[in-house]
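**Student:** Encoded as structure tokens, here's the structure I'll be asking about.
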Amino acid sequence: MKEYTRKLLDKAIDTVEGAEILLDHGKTDIAAGRAYYSLFYIAEALLNEKGLQFKEHGKVIGAYGKEYAKSNLLDPKFHRWLRLGFDTRLVSEYQPDTNIEAAVVSDMINQAREFLEAARKYLEKQSRG
């Protein structure tokens with residue numbers, strides 16, 4: 001595994017843990033943003049392993065869909081979660097009255113943890129050959 005990939009996965013762990021803390025303190029909107037970023041860092045890490053790097057969220061999401069979801073290298077649900085997470089983040093960061101429910105954010109956190117586990121297993125399998 002590339003060093004930058006490892007750093008992105010570590011950042012994903014820290015970010016999802018931060019989302020959990022924020023959610024526990026009732027900071028639902030901010031927790032939603034952090035949960036999305038965890039998903040985003042995982043997608044970036046996977047793309048990095050293929051030598052792909054992008055600066056824009058939309059390009060990361062699109063490339064992840066092409067490289068991993070459409071090819072079924074990883075379950076397409078992760079791409080769906082990434083897209084939905086992006087939409088939720090936009091609402092959480094740019095709308096003053098979001099009404100994002102804690103249960104939605106809790107689901108995003110669980111999705112990030114599941115995506116992280118799947119990414120790690122995939123990358124470990126790739127490194128073994």
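In the structure tokens, chains take letters A, B, ... by order of appearance, with residues numbered from 1 within each chain and ligands from 1 in the order shown.
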If we count only C-alpha atoms and set the cut-off at 10 Å, which residues sit around Phe115 of chain A, ignoring sequence neighbours fewer than 5 positions away in its own chain? Please answer as a count of residues only.

**Tutor:** 15

**Student:** Nearest to Leu23 of chain A: which of A:Gln95, A:Thr88, A:Asn48, A:Ser106 is it, counting only C-alpha atoms?

**Tutor:**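 Among A:Gln95, A:Thr88, A:Asn48, A:Ser106, it is A:Ser106 that comes nearest to Leu23 of chain A.
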
**Student:** Write out as an MDAnalysis selection string each polymer residue whose atoms come within 10 Å of Asp107 of chain A, counting only C-alpha atoms; drop sequence neighbours fewer than 4 positions from it.

**Tutor:** chainID A and resid 32 35 81 102:103 111:113

**Student:** Excluding segment 24-30 of chain A and residues on its chain fewer than 6 positions from it, collect all residues at most 7 Å away from it, counting only C-alpha atoms, and give them as a ChimeraX atom specification.

**Tutor:** /A:92,100,102,105

**Student:** Write out as a PyMOL selection string which residues come within 7 Å of Tyr36 of chain A when counting only C-alpha atoms, dropping same-chain ones fewer than 3 positions away.

**Tutor:** chain A and resi 32-33+39-40+85-86+89

**Student:** Please write the residues from the selection above to a file, keeping N, CA, C and O atoms, as a short mmCIF file (atom, residue, chain, number, x, y, z; two decimals), in the first residue's frame.

**Tutor:**
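In the end it all went to result28.cif:
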data_model
loop_
_atom_site.label_atom_id
_atom_site.label_comp_id
_atom_site.auth_asym_id
_atom_site.auth_seq_id
_atom_site.Cartn_x
_atom_site.Cartn_y
_atom_site.Cartn_z
N ALA A 32 -22.33 15.38 10.42
CA ALA A 32 -22.66 14.91 9.07
C ALA A 32 -21.54 15.24 8.10
O ALA A 32 -21.14 14.40 7.27
N GLY A 33 -21.01 16.44 8.20
CA GLY A 33 -19.89 16.84 7.34
C GLY A 33 -18.67 15.98 7.57
O GLY A 33 -18.02 15.53 6.63
N LEU A 39 -15.89 9.19 4.34
CA LEU A 39 -16.19 8.47 3.11
C LEU A 39 -15.31 8.98 1.96
O LEU A 39 -14.76 8.20 1.18
N PHE A 40 -15.17 10.28 1.89
CA PHE A 40 -14.40 10.91 0.83
C PHE A 40 -12.92 10.50 0.89
O PHE A 40 -12.32 10.16 -0.14
N GLY A 85 -23.79 11.09 0.85
CA GLY A 85 -23.03 11.80 1.87
C GLY A 85 -22.63 13.19 1.41
O GLY A 85 -22.69 14.15 2.17
N PHE A 86 -22.23 13.29 0.15
CA PHE A 86 -21.87 14.59 -0.41
C PHE A 86 -23.06 15.53 -0.37
O PHE A 86 -22.95 16.68 0.06
N ARG A 89 -23.70 16.60 3.16
CA ARG A 89 -22.69 17.57 3.60
C ARG A 89 -23.02 18.96 3.07
O ARG A 89 -22.91 19.96 3.79
#

**Student:** Which distance in Å separates atom CA of Tyr41 of chain A and atom CA of Tyr94 of chain A, to one decimal?

**Tutor:** 20.7 Å

**Student:** At what distance in Å, to one decimal, does atom CA of Arg34 of chain A lie from atom CA of Asn72 of chain A?

**Tutor:**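 Value for the atom CA of Asn72 of chain A-atom CA of Arg34 of chain A distance: 26.4 Å.
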
**Student:** Ala63 of chain A: which residues within 8 Å, counting only C-alpha atoms, same-chain residues fewer than 4 positions away excluded, as a list of chain:residue names?

**Tutor:** A:Leu47, A:Lys59, A:Glu67

**Student:** Report as an mmCIF file with N, CA and C atoms, in the first residue's frame all protein, DNA and RNA residues lying within 8 Å of Thr5 of chain A, evaluated on only C-alpha atoms, omitting residues in the same chain fewer than 5 positions from it.

**Tutor:**
data_model
loop_
_atom_site.group_PDB
_atom_site.id
_atom_site.type_symbol
_atom_site.label_atom_id
_atom_site.label_comp_id
_atom_site.auth_asym_id
_atom_site.auth_seq_id
_atom_site.Cartn_x
_atom_site.Cartn_y
_atom_site.Cartn_z
ATOM 1 N N GLU A 44 -10.699 8.603 -1.906
ATOM 2 C CA GLU A 44 -9.418 9.154 -2.363
ATOM 3 C C GLU A 44 -8.290 8.141 -2.206
ATOM 4 N N ALA A 45 -8.284 7.437 -1.085
ATOM 5 C CA ALA A 45 -7.231 6.448 -0.830
ATOM 6 C C ALA A 45 -7.268 5.343 -1.883
ATOM 7 N N LEU A 46 -8.453 4.853 -2.170
ATOM 8 C CA LEU A 46 -8.585 3.787 -3.161
ATOM 9 C C LEU A 46 -8.150 4.265 -4.545
ATOM 10 N N ASN A 48 -6.042 6.652 -5.134
ATOM 11 C CA ASN A 48 -4.602 6.867 -5.074
ATOM 12 C C ASN A 48 -3.831 5.584 -5.388
ATOM 13 N N GLU A 49 -4.364 4.460 -4.953
ATOM 14 C CA GLU A 49 -3.704 3.184 -5.240
ATOM 15 C C GLU A 49 -3.647 2.896 -6.734
#

**Student:** Can you work out which one of A:Gly129, A:Asp97, A:Leu116, A:Leu123 has the shortest atom-to-atom distance to Lys11 of chain A, counting only C-alpha atoms?

**Tutor:**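 Looking only at the distances to Lys11 of chain A, the closest residue turns out to be A:Leu116.
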